[in-house]
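The block underneath contains the structure these notes are about, expressed in structure tokens.
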Amino acid sequence: IYDIIFALDMSGAVTYISPVVEQLGGYAPAEIIGRPFTDFIHPDDVPDLAQSFQKVVSGNPEPSEYRMLTSSGEVRWVRSSSRPIVEEGRVAGLRGVLNDITERKLVEEALNKETEFTDTAINSLPGMFYVFDDAGRFVRWNRRMEEASGHSAVEIAGMSPLDFIAEKDRQTVAARIREVFTEGKSEAEGHLLTKRGEEVPYLFTGVRFQSDGRSYLAGMGIDIAERWRTQEALRESEERYRAILDNVQEVIYRVTVSNDPFHAEVMFVGGQV
């Protein structure tokens, strides 16, 4: 489709349109000239386009994208650029060019749906999700990362991965990041450093992938604070139990009795012999 040249008067009526419009909209020029341009525009786009018309005739032209209705009822996306028509020092209307951008809009719509699907998927993950390149620039993350770290999206965009790691764990995590980019995958336990200065135990994972000639790391951060608390409680319990056994004055045995009445297993547990 070639560019379509058109002209409107100050009332918005079409005063000229090039014959190529018939290829796009199915209208002969005579069916359009003299009628308001809004007759051929999708109703939902008329208010914005009317504002754009006023901007153009006021000397502030800007491109517009909107839906045009064809003679068969089909909807086509078009983009127009216009300039005011000045006659004897006064604005008499506008003149512009429009072209069909339907295919581009369909691609954009498909990409938007894919992005929406992806965003929904990564935001439903129970842990933090992140993607950064080999220069340490974040290109993607989920809402959980913002919530867990306390940082806004704008802040994260300007941070590096190690900014989220407690000082005592940065060397280890940095080594694991390098391992992802050299070996393909790795993981590390460390402490997430929040915006408020809190240090929370996390398991960080990462895998390498390529896109547009660059290497990226995609991974997740899983809060393991509860697991650490459980392990610490078990360790403390074992230490207390061992201390008790090591300080009793009598010998303690554990006897395991089997179904054989003539057989039993006796094991020394603790105490002083």
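Naming scheme: A, B, ... for chains in displayed order of the structure tokens; residues 1 onward per chain; ligands 1 onward as shown.
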
- [ ] Would you mind listing what lies within 9 Å of range 127-130 of chain A as an MDAnalysis selection string, with only C-alpha atoms counted and same-chain residues fewer than 4 positions away left out?
- [x] chainID A and resid 122:123 138:148 217:223

Open item on the list: Would you pick out the contacts of Glu103 in chain A at 12 Å or less, using only C-alpha atoms, so that residues sharing its chain but fewer than 6 positions from it are not included, and give the list as a list in words?
Closed with: Ile1, Val75, Arg76, Trp77, Val78, Glu109 and Ala110 of chain A

Name all residues at most 7 Å from Ser160 in chain A (count only C-alpha atoms; drop same-chain ones fewer than 3 positions away) and give them as a CSV table (one decimal) with all heavy atoms, in the first residue's frame.
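File written: around-v6.csv
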```
chain,number,residue,atom,x,y,z
A,136,GLY,N,26.7,-7.7,34.5
A,136,GLY,CA,26.0,-7.5,35.8
A,136,GLY,C,24.8,-6.5,35.8
A,136,GLY,O,24.4,-6.0,36.8
A,137,ARG,N,24.3,-6.3,34.6
A,137,ARG,CA,23.1,-5.4,34.4
A,137,ARG,C,21.8,-6.3,34.5
A,137,ARG,O,21.7,-7.2,33.6
A,137,ARG,CB,23.2,-4.6,33.1
A,137,ARG,CG,24.3,-3.6,33.1
A,137,ARG,CD,24.2,-2.7,31.8
A,137,ARG,NE,24.5,-3.5,30.7
A,137,ARG,CZ,25.7,-3.6,30.1
A,137,ARG,NH1,26.7,-2.8,30.6
A,137,ARG,NH2,25.9,-4.3,29.0
A,163,ASP,N,25.2,-6.2,44.9
A,163,ASP,CA,24.6,-5.2,45.8
A,163,ASP,C,23.5,-5.8,46.7
A,163,ASP,O,23.1,-5.2,47.8
A,163,ASP,CB,23.9,-4.1,45.0
A,163,ASP,CG,25.0,-3.2,44.3
A,163,ASP,OD1,26.1,-3.1,44.8
A,163,ASP,OD2,24.6,-2.6,43.3
```

Open item on the list: Report, in Å with one decimal, the straight-line distance from CA of Val86 in chain A to CA of Lys55 in chain A.
Closed with: 14.6 Å

Task: All helix (DSSP H, G or I) residues (DSSP, backbone) inside range 46-154 of chain A, as a PyMOL selection string - done: chain A and resi 46-57+102-123+143-149+153-154

For the selection you just gave me, I'd like the residues written to a file as a short mmCIF file (atom, residue, chain, number, x, y, z; two decimals), in the first residue's frame, keeping N, CA and C atoms.
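Writing done, so here's part.cif:
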```cif
data_model
loop_
_atom_site.label_atom_id
_atom_site.label_comp_id
_atom_site.auth_asym_id
_atom_site.auth_seq_id
_atom_site.Cartn_x
_atom_site.Cartn_y
_atom_site.Cartn_z
N VAL A 46 -11.94 8.23 18.13
CA VAL A 46 -12.35 9.57 17.70
C VAL A 46 -11.94 10.66 18.69
N PRO A 47 -12.16 10.50 20.01
CA PRO A 47 -11.78 11.58 20.94
C PRO A 47 -10.30 11.96 20.86
N ASP A 48 -9.42 10.97 20.87
CA ASP A 48 -7.99 11.26 20.81
C ASP A 48 -7.60 11.89 19.48
N LEU A 49 -8.22 11.42 18.41
CA LEU A 49 -7.89 11.96 17.10
C LEU A 49 -8.40 13.39 16.95
N ALA A 50 -9.54 13.70 17.57
CA ALA A 50 -10.06 15.07 17.54
C ALA A 50 -9.10 16.01 18.26
N GLN A 51 -8.52 15.55 19.37
CA GLN A 51 -7.53 16.35 20.08
C GLN A 51 -6.28 16.55 19.23
N SER A 52 -5.87 15.49 18.54
CA SER A 52 -4.71 15.59 17.67
C SER A 52 -4.95 16.60 16.54
N PHE A 53 -6.18 16.62 16.01
CA PHE A 53 -6.54 17.57 14.95
C PHE A 53 -6.35 19.00 15.45
N GLN A 54 -6.81 19.27 16.68
CA GLN A 54 -6.69 20.61 17.23
C GLN A 54 -5.23 20.99 17.45
N LYS A 55 -4.41 20.03 17.85
CA LYS A 55 -2.99 20.32 18.04
C LYS A 55 -2.32 20.68 16.72
N VAL A 56 -2.69 19.96 15.66
CA VAL A 56 -2.07 20.22 14.36
C VAL A 56 -2.42 21.62 13.87
N VAL A 57 -3.70 21.97 13.90
CA VAL A 57 -4.11 23.29 13.39
C VAL A 57 -3.63 24.41 14.32
N THR A 102 -1.17 -2.07 10.04
CA THR A 102 -1.91 -3.18 10.65
C THR A 102 -1.00 -4.34 11.00
N GLU A 103 -0.12 -4.73 10.10
CA GLU A 103 0.74 -5.88 10.36
C GLU A 103 1.65 -5.62 11.56
N ARG A 104 2.17 -4.42 11.65
CA ARG A 104 3.03 -4.08 12.78
C ARG A 104 2.25 -4.16 14.09
N LYS A 105 1.01 -3.68 14.07
CA LYS A 105 0.17 -3.70 15.28
C LYS A 105 -0.16 -5.13 15.70
N LEU A 106 -0.36 -6.01 14.73
CA LEU A 106 -0.66 -7.40 15.06
C LEU A 106 0.55 -8.06 15.73
N VAL A 107 1.74 -7.74 15.23
CA VAL A 107 2.96 -8.28 15.84
C VAL A 107 3.11 -7.74 17.26
N GLU A 108 2.86 -6.43 17.44
CA GLU A 108 2.97 -5.83 18.77
C GLU A 108 1.97 -6.46 19.73
N GLU A 109 0.75 -6.70 19.25
CA GLU A 109 -0.27 -7.31 20.10
C GLU A 109 0.15 -8.71 20.53
N ALA A 110 0.70 -9.48 19.58
CA ALA A 110 1.16 -10.83 19.92
C ALA A 110 2.29 -10.78 20.95
N LEU A 111 3.22 -9.83 20.78
CA LEU A 111 4.33 -9.69 21.72
C LEU A 111 3.82 -9.26 23.10
N ASN A 112 2.83 -8.37 23.11
CA ASN A 112 2.27 -7.92 24.39
C ASN A 112 1.60 -9.07 25.13
N LYS A 113 0.90 -9.93 24.39
CA LYS A 113 0.27 -11.09 25.02
C LYS A 113 1.31 -12.05 25.57
N GLU A 114 2.39 -12.24 24.80
CA GLU A 114 3.46 -13.12 25.26
C GLU A 114 4.13 -12.56 26.51
N THR A 115 4.35 -11.24 26.51
CA THR A 115 4.96 -10.59 27.67
C THR A 115 4.05 -10.71 28.89
N GLU A 116 2.76 -10.51 28.67
CA GLU A 116 1.80 -10.62 29.78
C GLU A 116 1.81 -12.03 30.36
N PHE A 117 1.86 -13.03 29.47
CA PHE A 117 1.90 -14.43 29.92
C PHE A 117 3.17 -14.69 30.73
N THR A 118 4.31 -14.22 30.20
CA THR A 118 5.59 -14.43 30.88
C THR A 118 5.61 -13.73 32.23
N ASP A 119 5.11 -12.48 32.27
CA ASP A 119 5.09 -11.74 33.52
C ASP A 119 4.24 -12.46 34.57
N THR A 120 3.10 -12.98 34.13
CA THR A 120 2.22 -13.70 35.06
C THR A 120 2.93 -14.93 35.61
N ALA A 121 3.66 -15.63 34.73
CA ALA A 121 4.35 -16.85 35.15
C ALA A 121 5.45 -16.55 36.15
N ILE A 122 6.32 -15.58 35.86
CA ILE A 122 7.45 -15.33 36.76
C ILE A 122 7.00 -14.66 38.06
N ASN A 123 5.89 -13.90 38.00
CA ASN A 123 5.41 -13.27 39.23
C ASN A 123 4.67 -14.25 40.13
N ARG A 143 8.18 -9.46 40.83
CA ARG A 143 7.75 -8.62 41.95
C ARG A 143 8.29 -9.13 43.28
N ARG A 144 8.46 -10.46 43.38
CA ARG A 144 8.95 -11.03 44.64
C ARG A 144 10.34 -10.49 44.97
N MET A 145 11.15 -10.21 43.96
CA MET A 145 12.48 -9.66 44.21
C MET A 145 12.37 -8.26 44.79
N GLU A 146 11.43 -7.47 44.30
CA GLU A 146 11.22 -6.13 44.83
C GLU A 146 10.72 -6.22 46.27
N GLU A 147 9.79 -7.15 46.52
CA GLU A 147 9.21 -7.29 47.86
C GLU A 147 10.25 -7.78 48.87
N ALA A 148 11.04 -8.79 48.48
CA ALA A 148 12.02 -9.37 49.41
C ALA A 148 13.17 -8.42 49.70
N SER A 149 13.61 -7.70 48.69
CA SER A 149 14.76 -6.82 48.88
C SER A 149 14.38 -5.45 49.42
N ALA A 153 11.62 -0.99 41.43
CA ALA A 153 12.07 -1.40 40.11
C ALA A 153 13.13 -0.44 39.57
N VAL A 154 12.94 0.85 39.81
CA VAL A 154 13.91 1.84 39.35
C VAL A 154 15.26 1.63 40.02
#
```

Task: Residue nearest Glu198 in chain A - candidates A:Ser81, A:Arg214, A:Phe181, A:Ala166, atoms counted: only C-alpha atoms - done: A:Ala166

Task: Spatial neighbours of Ala174 in chain A, 12 Å, only C-alpha atoms, chain gap at least 2 places, as a PyMOL selection string - done: chain A and resi 136+160-172+176-181+186-190+204+206

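Of the listed residues A:Gly26, A:Ile32, A:Glu88, A:Phe209, the one whose atoms come nearest to Gly73 in chain A is A:Gly26, with distances taken using only C-alpha atoms.
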
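Using only C-alpha atoms, the smallest distance between any of A:Gly34, A:Gly89, A:Asp134, A:Asp3 and Glu22 in chain A comes from A:Asp3.
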